[in-house]
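Text of protein07.cif, listed as mmCIF, C-alpha atoms:
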data_protein
loop_
_atom_site.label_atom_id
_atom_site.label_comp_id
_atom_site.auth_asym_id
_atom_site.auth_seq_id
_atom_site.Cartn_x
_atom_site.Cartn_y
_atom_site.Cartn_z
CA MET A 1 -138.69 22.92 -57.16
CA ILE A 2 -137.36 22.40 -53.65
CA MET A 3 -140.79 21.33 -52.43
CA GLU A 4 -140.93 18.84 -55.24
CA GLN A 5 -137.56 17.38 -54.31
CA MET A 6 -138.55 17.19 -50.66
CA GLY A 7 -141.60 15.24 -51.75
CA THR A 8 -139.47 12.80 -53.71
CA ILE A 9 -137.13 12.28 -50.78
CA LYS A 10 -140.08 11.67 -48.46
CA LYS A 11 -141.38 9.09 -50.88
CA ILE A 12 -138.02 7.33 -50.98
CA GLN A 13 -137.79 7.40 -47.20
CA TYR A 14 -141.17 5.71 -46.84
CA ASP A 15 -140.89 3.21 -49.63
CA CYS A 16 -139.52 0.07 -47.96
CA ARG A 17 -140.90 -2.08 -50.76
CA HIS A 18 -138.67 -0.34 -53.27
CA ALA A 19 -135.70 -0.27 -50.89
CA THR A 20 -135.88 -4.01 -50.23
CA TYR A 21 -136.25 -4.60 -53.97
CA LEU A 22 -133.01 -2.68 -54.52
CA ILE A 23 -131.33 -4.62 -51.69
CA GLU A 24 -132.11 -7.87 -53.49
CA LYS A 25 -131.07 -6.54 -56.84
CA ARG A 26 -127.78 -5.26 -55.50
CA GLN A 27 -126.84 -8.71 -54.23
CA GLN A 28 -126.70 -9.91 -57.82
CA THR A 29 -125.98 -7.01 -60.06
CA SER A 30 -124.88 -3.41 -59.90
CA LEU A 31 -127.45 -0.70 -59.39
CA THR A 32 -127.78 2.43 -61.48
CA LEU A 33 -126.56 5.67 -59.94
CA LYS A 34 -130.14 6.77 -59.30
CA GLU A 35 -130.93 3.48 -57.57
CA ARG A 36 -127.81 3.69 -55.44
CA VAL A 37 -128.74 7.18 -54.28
CA GLN A 38 -132.30 6.09 -53.53
CA LEU A 39 -131.14 3.13 -51.48
CA PHE A 40 -128.55 5.19 -49.64
CA ILE A 41 -131.13 7.81 -48.66
CA HIS A 42 -133.59 5.18 -47.56
CA LEU A 43 -131.18 3.11 -45.48
CA LEU A 44 -129.89 6.22 -43.77
CA GLY A 45 -133.22 6.68 -42.06
CA CYS A 46 -134.71 3.19 -41.96
CA SER A 47 -133.33 0.76 -39.40
CA VAL A 48 -135.90 -1.89 -40.33
CA CYS A 49 -134.59 -2.11 -43.88
CA ARG A 50 -131.02 -2.12 -42.61
CA LEU A 51 -131.99 -5.11 -40.56
CA PHE A 52 -133.67 -6.66 -43.60
CA GLN A 53 -130.49 -6.20 -45.59
CA GLN A 54 -128.41 -7.94 -42.96
CA GLN A 55 -130.83 -10.86 -42.68
CA SER A 56 -131.32 -11.13 -46.41
CA ARG A 57 -127.59 -11.49 -46.99
CA ALA A 58 -127.34 -14.16 -44.32
CA ILE A 59 -130.22 -16.04 -45.98
CA THR A 60 -128.61 -15.76 -49.42
CA GLN A 61 -125.42 -17.24 -48.07
CA ALA A 62 -127.25 -20.05 -46.32
CA LEU A 63 -129.23 -20.75 -49.49
CA ARG A 64 -126.09 -21.06 -51.54
CA GLN A 65 -124.61 -23.55 -49.09
CA LEU A 66 -127.85 -25.48 -48.92
CA PHE A 67 -128.11 -25.87 -52.68
CA LYS A 68 -124.45 -26.73 -52.98
CA ARG A 69 -124.81 -29.44 -50.39
CA SER A 70 -127.91 -30.93 -51.94
CA ALA A 71 -126.15 -31.01 -55.32
CA GLU A 72 -123.27 -32.94 -53.80
CA GLN A 73 -125.44 -35.52 -52.12
CA THR A 74 -125.40 -38.64 -54.28
CA HIS A 75 -128.42 -40.81 -54.85
CA THR A 76 -128.45 -44.24 -56.41
CA LEU A 77 -131.12 -45.91 -58.45
CA ASP A 78 -132.40 -49.34 -57.72
CA GLU A 79 -130.60 -52.10 -59.66
CA GLY A 80 -133.95 -53.31 -60.96
CA VAL A 81 -134.80 -49.85 -62.27
CA LYS A 82 -131.44 -49.66 -63.97
CA ARG A 83 -131.89 -53.02 -65.63
CA GLU A 84 -135.22 -51.88 -67.03
CA MET A 85 -133.66 -48.69 -68.30
CA GLN A 86 -130.89 -50.50 -70.10
CA GLU A 87 -133.39 -52.96 -71.57
CA LYS A 88 -135.40 -50.11 -73.02
CA ILE A 89 -132.26 -48.67 -74.56
CA ASN A 90 -131.26 -52.04 -75.99
CA GLU A 91 -134.72 -52.47 -77.49
CA ARG A 92 -134.43 -49.17 -79.29
CA LEU A 93 -130.94 -50.02 -80.45
CA LYS A 94 -132.22 -53.18 -82.13
CA ASN A 95 -134.81 -51.30 -84.15
CA MET B 1 -103.21 -51.27 -72.33
CA LYS B 2 -106.72 -51.57 -70.95
CA LYS B 3 -106.80 -47.86 -70.37
CA PHE B 4 -105.78 -47.22 -73.92
CA PHE B 5 -108.70 -49.25 -75.24
CA LYS B 6 -111.14 -47.41 -73.04
CA LEU B 7 -109.92 -44.10 -74.33
CA SER B 8 -110.20 -45.16 -77.91
CA THR B 9 -113.82 -46.32 -77.55
CA THR B 10 -114.79 -42.95 -76.07
CA ALA B 11 -113.12 -41.18 -78.91
CA ALA B 12 -115.00 -43.34 -81.38
CA GLY B 13 -118.36 -42.05 -80.16
CA PRO B 14 -121.10 -42.65 -77.65
CA ASP B 15 -121.68 -46.14 -76.40
CA PRO B 16 -125.34 -46.53 -75.29
CA ALA B 17 -124.78 -50.06 -74.07
CA HIS B 18 -122.91 -48.77 -71.02
CA TRP B 19 -124.90 -45.58 -70.40
CA VAL B 20 -127.05 -46.82 -67.55
CA ALA B 21 -124.16 -48.37 -65.63
CA ALA B 22 -121.98 -45.31 -66.15
CA TYR B 23 -124.38 -42.36 -65.86
CA ALA B 24 -127.80 -43.32 -64.46
CA ASP B 25 -126.91 -42.52 -60.84
CA TYR B 26 -125.19 -39.30 -61.78
CA LEU B 27 -128.16 -38.10 -63.82
CA TYR B 28 -130.64 -39.22 -61.19
CA THR B 29 -128.72 -37.26 -58.55
CA TYR B 30 -128.66 -34.23 -60.81
CA ALA B 31 -132.42 -34.36 -61.33
CA LEU B 32 -133.25 -35.08 -57.71
CA ALA B 33 -131.28 -32.08 -56.52
CA ARG B 34 -133.49 -29.89 -58.70
CA LEU B 35 -136.86 -31.60 -58.50
CA ASP B 36 -137.99 -33.12 -55.26
CA ASP B 37 -139.83 -36.06 -56.79
CA ASP B 38 -138.04 -39.40 -57.20
CA GLU B 39 -140.57 -40.96 -59.53
CA LEU B 40 -140.50 -37.99 -61.87
CA CYS B 41 -136.71 -37.97 -61.74
CA ARG B 42 -136.49 -41.64 -62.66
CA ASP B 43 -138.72 -40.97 -65.65
CA LEU B 44 -136.63 -38.01 -66.70
CA VAL B 45 -133.44 -40.07 -66.62
CA GLN B 46 -135.06 -42.73 -68.78
CA GLU B 47 -136.37 -40.10 -71.18
CA THR B 48 -132.94 -38.54 -71.35
CA PHE B 49 -131.37 -41.81 -72.49
CA LEU B 50 -134.07 -42.37 -75.09
CA ALA B 51 -133.85 -38.80 -76.35
CA ALA B 52 -130.07 -39.17 -76.58
CA LEU B 53 -130.48 -42.28 -78.71
CA GLU B 54 -132.51 -40.27 -81.20
CA LYS B 55 -129.75 -37.70 -81.36
CA LEU B 56 -126.75 -40.00 -81.47
CA SER B 57 -125.61 -38.49 -84.75
CA GLU B 58 -125.50 -35.04 -83.14
CA PHE B 59 -122.91 -36.12 -80.60
CA ARG B 60 -119.68 -34.62 -81.80
CA GLY B 61 -117.38 -35.66 -79.03
CA GLU B 62 -116.62 -32.03 -78.22
CA SER B 63 -117.90 -32.63 -74.73
CA SER B 64 -117.87 -35.82 -72.72
CA GLU B 65 -120.79 -38.19 -72.98
CA ARG B 66 -121.77 -37.28 -69.45
CA THR B 67 -121.85 -33.56 -70.20
CA TRP B 68 -123.88 -34.22 -73.30
CA LEU B 69 -126.43 -36.35 -71.45
CA THR B 70 -126.60 -33.82 -68.61
CA ALA B 71 -127.41 -31.04 -71.06
CA ILE B 72 -130.34 -33.07 -72.40
CA LEU B 73 -131.56 -33.77 -68.87
CA ARG B 74 -131.14 -30.14 -67.86
CA TYR B 75 -133.46 -29.11 -70.66
CA LYS B 76 -136.04 -31.62 -69.45
CA VAL B 77 -135.84 -30.25 -65.91
CA ILE B 78 -136.45 -26.75 -67.22
CA GLU B 79 -139.46 -27.98 -69.16
CA VAL B 80 -140.90 -29.27 -65.88
CA TYR B 81 -140.19 -25.92 -64.23
CA ARG B 82 -141.96 -24.13 -67.05
CA LYS B 83 -145.02 -26.33 -66.86
CA LYS B 84 -145.26 -25.83 -63.12
CA ASN B 85 -144.75 -22.14 -63.65
CA SER B 86 -147.60 -21.75 -66.12
CA ALA B 87 -149.91 -23.81 -63.91
CA TRP B 88 -149.05 -21.55 -61.04
CA LEU B 89 -149.64 -18.40 -63.03
CA THR B 90 -153.05 -19.50 -64.23
CA THR B 91 -154.33 -20.85 -60.93
CA LEU B 92 -153.09 -18.09 -58.68
CA ASP B 93 -153.01 -15.26 -61.15
CA GLY B 94 -150.33 -13.34 -59.34
CA HIS B 95 -149.87 -13.61 -55.63
CA GLU B 96 -153.40 -13.47 -54.28
CA SER B 97 -152.91 -16.18 -51.69
CA GLU B 98 -149.86 -14.40 -50.33
CA PRO B 99 -149.92 -11.81 -47.59
CA GLU B 100 -149.28 -8.19 -48.50
CA TYR B 101 -146.08 -7.23 -46.71
CA PHE B 102 -146.08 -3.51 -47.54
CA GLU B 103 -148.65 -0.71 -47.34
CA PRO B 104 -150.16 -0.41 -50.81
CA ASP B 105 -150.10 3.40 -50.95
CA ASN B 106 -146.59 4.28 -49.75
CA GLY B 107 -144.68 0.98 -49.68
CA HIS B 108 -143.93 1.13 -45.97
CA TRP B 109 -143.58 -2.16 -44.09
CA LYS B 110 -146.84 -3.33 -42.58
CA ASP B 111 -146.32 -3.55 -38.83
CA ALA B 112 -147.04 -7.26 -38.68
CA TRP B 113 -144.39 -8.03 -41.31
CA ALA B 114 -141.59 -5.63 -40.43
CA PRO B 115 -138.40 -7.64 -39.81
CA ARG B 116 -137.47 -8.21 -36.19
CA PRO B 117 -133.98 -8.99 -34.98
CA MET B 118 -132.89 -12.62 -35.03
CA SER B 119 -129.36 -13.87 -34.77
CA ILE B 120 -129.08 -15.74 -38.04
CA ASP B 121 -125.93 -14.08 -39.36
CA HIS B 122 -123.71 -15.99 -37.02
CA ALA B 123 -120.56 -17.98 -37.65
CA ASP B 124 -121.63 -20.54 -35.04
CA PRO B 125 -122.04 -23.90 -36.82
CA THR B 126 -125.06 -25.00 -34.78
CA ILE B 127 -126.86 -21.79 -35.69
CA ARG B 128 -125.97 -22.32 -39.34
CA LYS B 129 -127.32 -25.83 -39.20
CA GLU B 130 -130.53 -24.65 -37.65
CA LEU B 131 -130.93 -21.96 -40.28
CA ALA B 132 -130.33 -24.49 -43.07
CA ALA B 133 -133.00 -26.79 -41.66
CA ILE B 134 -135.51 -23.96 -41.39
CA LEU B 135 -134.71 -22.72 -44.87
CA GLU B 136 -135.32 -26.15 -46.29
CA LYS B 137 -138.79 -26.17 -44.77
CA CYS B 138 -139.52 -22.67 -45.99
CA LEU B 139 -138.32 -23.40 -49.52
CA GLN B 140 -140.84 -26.19 -49.84
CA ARG B 141 -143.65 -23.74 -49.23
CA LEU B 142 -142.55 -21.44 -52.02
CA PRO B 143 -144.29 -21.51 -55.40
CA ALA B 144 -142.59 -23.72 -57.98
CA LEU B 145 -141.35 -20.82 -60.05
CA TRP B 146 -139.43 -19.38 -57.11
CA GLN B 147 -137.94 -22.73 -56.23
CA ALA B 148 -136.86 -23.15 -59.83
CA ILE B 149 -135.21 -19.75 -59.95
CA PHE B 150 -133.44 -20.27 -56.64
CA SER B 151 -132.09 -23.62 -57.69
CA MET B 152 -130.88 -22.35 -61.07
CA LYS B 153 -129.32 -19.40 -59.37
CA HIS B 154 -127.55 -21.19 -56.56
CA MET B 155 -126.92 -24.66 -57.92
CA ASP B 156 -126.05 -24.01 -61.53
CA GLU B 157 -124.93 -20.45 -60.97
CA VAL B 158 -126.65 -19.51 -64.17
CA LYS B 159 -126.57 -15.90 -65.29
CA THR B 160 -129.72 -13.84 -64.81
CA GLU B 161 -130.23 -13.36 -68.55
CA VAL B 162 -130.10 -17.10 -69.13
CA ILE B 163 -132.63 -17.79 -66.37
CA CYS B 164 -134.97 -15.16 -67.82
CA GLU B 165 -134.70 -16.66 -71.26
CA GLU B 166 -135.20 -20.23 -70.13
CA MET B 167 -138.04 -19.46 -67.74
CA LYS B 168 -139.62 -16.99 -70.14
CA VAL B 169 -139.77 -14.06 -67.74
CA THR B 170 -138.66 -10.51 -68.46
CA PRO B 171 -135.67 -9.17 -66.51
CA SER B 172 -137.81 -6.66 -64.63
CA ASN B 173 -140.26 -9.40 -63.71
CA TYR B 174 -137.32 -11.49 -62.60
CA TRP B 175 -136.26 -8.93 -60.01
CA VAL B 176 -139.84 -8.56 -58.79
CA ILE B 177 -140.16 -12.35 -58.44
CA LEU B 178 -136.85 -12.64 -56.65
CA HIS B 179 -137.69 -9.78 -54.32
CA ARG B 180 -141.06 -11.29 -53.38
CA ALA B 181 -139.49 -14.69 -52.90
CA LYS B 182 -136.90 -13.29 -50.54
CA VAL B 183 -139.33 -11.22 -48.50
CA ASN B 184 -141.53 -14.29 -48.22
CA LEU B 185 -138.63 -16.56 -47.31
CA ARG B 186 -137.32 -14.17 -44.68
CA ALA B 187 -140.75 -13.90 -43.07
CA CYS B 188 -140.98 -17.68 -42.98
CA VAL B 189 -137.56 -18.00 -41.36
CA GLU B 190 -138.51 -15.45 -38.71
CA LYS B 191 -141.69 -17.35 -37.96
CA LEU B 192 -139.86 -20.65 -37.43
CA TRP B 193 -136.77 -19.20 -35.78
CA SER B 194 -136.80 -19.78 -32.05
#
Can you turn what I pasted into structure tokens?
Amino acid sequence: MIMEQMGTIKKIQYDCRHATYLIEKRQQTSLTLKERVQLFIHLLGCSVCRLFQQQSRAITQALRQLFKRSAEQTHTLDEGVKREMQEKINERLKN
Amino acid sequence: MKKFFKLSTTAAGPDPAHWVAAYADYLYTYALARLDDDELCRDLVQETFLAALEKLSEFRGESSERTWLTAILRYKVIEVYRKKNSAWLTTLDGHESEPEYFEPDNGHWKDAWAPRPMSIDHADPTIRKELAAILEKCLQRLPALWQAIFSMKHMDEVKTEVICEEMKVTPSNYWVILHRAKVNLRACVEKLWS
């Protein structure tokens, strides 16, 4: 029983793929108790994933700002294009 | 008095004769923020107007004309995402062209891909600017599905369940996709970060 648990803990400690998956998930939703324990154990011993977590959060924040800014940037259509658009609408309205 | 008349026409129902002048730029901007292709976006705006004409009777005046038109356009944008998504899934069949970041047997970071320190989490505005510029470059290299999910997530702040439903992915797949996208994006930032 104890050997088995040691094996599980070893697995968690090695599994950076799963840990980084949980890091991403946690940024958006809450983890289950089991997942929280797994992540806690992993991060305790893995400085690389702690670094990943820090960088990942910074990237998420920068992404949010980037998308916000690009949504606020206004673009205008060519007057000629607009005229054509309205003409097409008017045509349909006639029929 | 003028204002009063304007209000009363809106209340009476949609007025397609002024749509282009009033909403074309707004809709074009909306599309262009989500799809980086001006020709496609122009077409989508036109299609939105024409689709709206077909549905004029469905307009109930519960939302503004602009909101109504935007909802139609939003659906068209998602259709584009979906098409790109299925093309991506059939051509790449998973992530074959992508590097494997973790050891397949135990999930440990592969040495070459293990994150290294970089000072991106800084309040310094010049560093933020630099990071934004790099991110923009890196985003363009991501598969269409990832771009779509990121933009829905961060621009529209859509709930996860809604994204899954609209993009036709299961929630567990969604987390896997998002995880891969982030690992990929982080690696790209590190590569371009000086």
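Residues within 8 Å of range 84-88 of chain A, counting only C-alpha atoms and excluding same-chain residues fewer than 3 positions away, are Gly80, Val81, Glu91 and Arg92 of chain A; Ala17, Trp19, Val20 and Gln46 of chain B.
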Selection to disk with C-alpha atoms, as a PDB file, in the frame of the given file:
ATOM      1  CA  GLY A  80    -133.950 -53.310 -60.960  1.00  0.00           C
ATOM      2  CA  VAL A  81    -134.800 -49.850 -62.270  1.00  0.00           C
ATOM      3  CA  GLU A  91    -134.720 -52.470 -77.490  1.00  0.00           C
ATOM      4  CA  ARG A  92    -134.430 -49.170 -79.290  1.00  0.00           C
TER       5      ARG A  92
ATOM      6  CA  ALA B  17    -124.780 -50.060 -74.070  1.00  0.00           C
ATOM      7  CA  TRP B  19    -124.900 -45.580 -70.400  1.00  0.00           C
ATOM      8  CA  VAL B  20    -127.050 -46.820 -67.550  1.00  0.00           C
ATOM      9  CA  GLN B  46    -135.060 -42.730 -68.780  1.00  0.00           C
TER      10      GLN B  46
END
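Near Tyr23 in chain B, within a cut-off of 10 Å and counting all atoms listed in the file, sit the residues B:His18, B:Trp19, B:Leu27, B:Tyr28, B:Thr29, B:Val45, B:Phe49, B:Glu65, B:Arg66, B:Leu69, B:Thr70, with same-chain residues fewer than 4 positions away left out.
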Step by step: start from the point (-136.7, -12.3, -53.3) in the file's coordinates, keep every protein, DNA or RNA residue that has an atom no farther than 12 Å from it, count all atoms listed in the file, and write the set as a short mmCIF file (atom, residue, chain, number, x, y, z; two decimals) with C-alpha atoms, in the coordinates of the input.
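After the write, part.cif holds the following:
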data_model
loop_
_atom_site.label_atom_id
_atom_site.label_comp_id
_atom_site.auth_asym_id
_atom_site.auth_seq_id
_atom_site.Cartn_x
_atom_site.Cartn_y
_atom_site.Cartn_z
CA ARG A 17 -140.90 -2.08 -50.76
CA THR A 20 -135.88 -4.01 -50.23
CA TYR A 21 -136.25 -4.60 -53.97
CA LEU A 22 -133.01 -2.68 -54.52
CA ILE A 23 -131.33 -4.62 -51.69
CA GLU A 24 -132.11 -7.87 -53.49
CA LYS A 25 -131.07 -6.54 -56.84
CA ARG A 26 -127.78 -5.26 -55.50
CA GLN A 27 -126.84 -8.71 -54.23
CA GLN A 28 -126.70 -9.91 -57.82
CA PHE A 52 -133.67 -6.66 -43.60
CA GLN A 53 -130.49 -6.20 -45.59
CA SER A 56 -131.32 -11.13 -46.41
CA ARG A 57 -127.59 -11.49 -46.99
CA ILE A 59 -130.22 -16.04 -45.98
CA THR A 60 -128.61 -15.76 -49.42
CA LEU A 63 -129.23 -20.75 -49.49
CA LEU B 139 -138.32 -23.40 -49.52
CA LEU B 142 -142.55 -21.44 -52.02
CA LEU B 145 -141.35 -20.82 -60.05
CA TRP B 146 -139.43 -19.38 -57.11
CA GLN B 147 -137.94 -22.73 -56.23
CA ILE B 149 -135.21 -19.75 -59.95
CA PHE B 150 -133.44 -20.27 -56.64
CA LYS B 153 -129.32 -19.40 -59.37
CA ASN B 173 -140.26 -9.40 -63.71
CA TYR B 174 -137.32 -11.49 -62.60
CA TRP B 175 -136.26 -8.93 -60.01
CA VAL B 176 -139.84 -8.56 -58.79
CA ILE B 177 -140.16 -12.35 -58.44
CA LEU B 178 -136.85 -12.64 -56.65
CA HIS B 179 -137.69 -9.78 -54.32
CA ARG B 180 -141.06 -11.29 -53.38
CA ALA B 181 -139.49 -14.69 -52.90
CA LYS B 182 -136.90 -13.29 -50.54
CA VAL B 183 -139.33 -11.22 -48.50
CA ASN B 184 -141.53 -14.29 -48.22
CA LEU B 185 -138.63 -16.56 -47.31
CA ARG B 186 -137.32 -14.17 -44.68
CA ALA B 187 -140.75 -13.90 -43.07
#
Each residue of chain A with at least one atom at most 6 Å from chain B should appear once, together with its nearest atom pair and the corresponding distance in Å (one decimal); atoms considered: all atoms listed in the file; ordering: chain, then increasing residue number; output as CSV.
residue,atom,partner,partner_atom,distance
A:Tyr14,CA,B:His108,CA,5.4
A:Asp15,CA,B:Gly107,CA,4.4
A:Cys16,CA,B:His108,CA,5.0
A:Arg17,CA,B:Gly107,CA,5.0
A:Tyr21,CA,B:His179,CA,5.4
A:Glu24,CA,B:His179,CA,6.0
A:Ala58,CA,B:Asp121,CA,5.2
A:Arg64,CA,B:His154,CA,5.2
A:Phe67,CA,B:Met155,CA,5.5
A:Lys68,CA,B:Met155,CA,5.9
A:Ser70,CA,B:Ala33,CA,5.8
A:Ala71,CA,B:Ala33,CA,5.4
A:Thr74,CA,B:Thr29,CA,5.6
A:His75,CA,B:Thr29,CA,5.1
A:Thr76,CA,B:Asp25,CA,5.0
A:Leu77,CA,B:Asp25,CA,5.9
A:Gln86,CA,B:Val20,CA,5.9
May I have the selected residues written with C-alpha atoms, as a PDB file, in the coordinates of the input?
ATOM      1  CA  TYR A  14    -141.170   5.710 -46.840  1.00  0.00           C
ATOM      2  CA  ASP A  15    -140.890   3.210 -49.630  1.00  0.00           C
ATOM      3  CA  CYS A  16    -139.520   0.070 -47.960  1.00  0.00           C
ATOM      4  CA  ARG A  17    -140.900  -2.080 -50.760  1.00  0.00           C
ATOM      5  CA  TYR A  21    -136.250  -4.600 -53.970  1.00  0.00           C
ATOM      6  CA  GLU A  24    -132.110  -7.870 -53.490  1.00  0.00           C
ATOM      7  CA  ALA A  58    -127.340 -14.160 -44.320  1.00  0.00           C
ATOM      8  CA  ARG A  64    -126.090 -21.060 -51.540  1.00  0.00           C
ATOM      9  CA  PHE A  67    -128.110 -25.870 -52.680  1.00  0.00           C
ATOM     10  CA  LYS A  68    -124.450 -26.730 -52.980  1.00  0.00           C
ATOM     11  CA  SER A  70    -127.910 -30.930 -51.940  1.00  0.00           C
ATOM     12  CA  ALA A  71    -126.150 -31.010 -55.320  1.00  0.00           C
ATOM     13  CA  THR A  74    -125.400 -38.640 -54.280  1.00  0.00           C
ATOM     14  CA  HIS A  75    -128.420 -40.810 -54.850  1.00  0.00           C
ATOM     15  CA  THR A  76    -128.450 -44.240 -56.410  1.00  0.00           C
ATOM     16  CA  LEU A  77    -131.120 -45.910 -58.450  1.00  0.00           C
ATOM     17  CA  GLN A  86    -130.890 -50.500 -70.100  1.00  0.00           C
TER      18      GLN A  86
END
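Between CA of Ala148 in chain B and CA of Glu166 in chain B the separation is 10.8 Å.
Atom to atom, CA of Asp36 in chain B and CA of Gln140 in chain B stand 9.2 Å apart.
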Translate the PyMOL selection byres ((chain A and resi 35) around 12), as applied to the file shown, into an explicit residue set as a ChimeraX atom specification.
/A:12,18-23,25-26,29-34,36-42
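What separates CA of Gly7 in chain A from CA of Leu51 in chain A is a distance of 25.1 Å.
Of the residues under consideration (A:Cys49, A:Ala62, A:Ile89, A:Leu44), A:Leu44 shows the shortest atom-to-atom contact distance to Ile9 in chain A when counting all atoms listed in the file.
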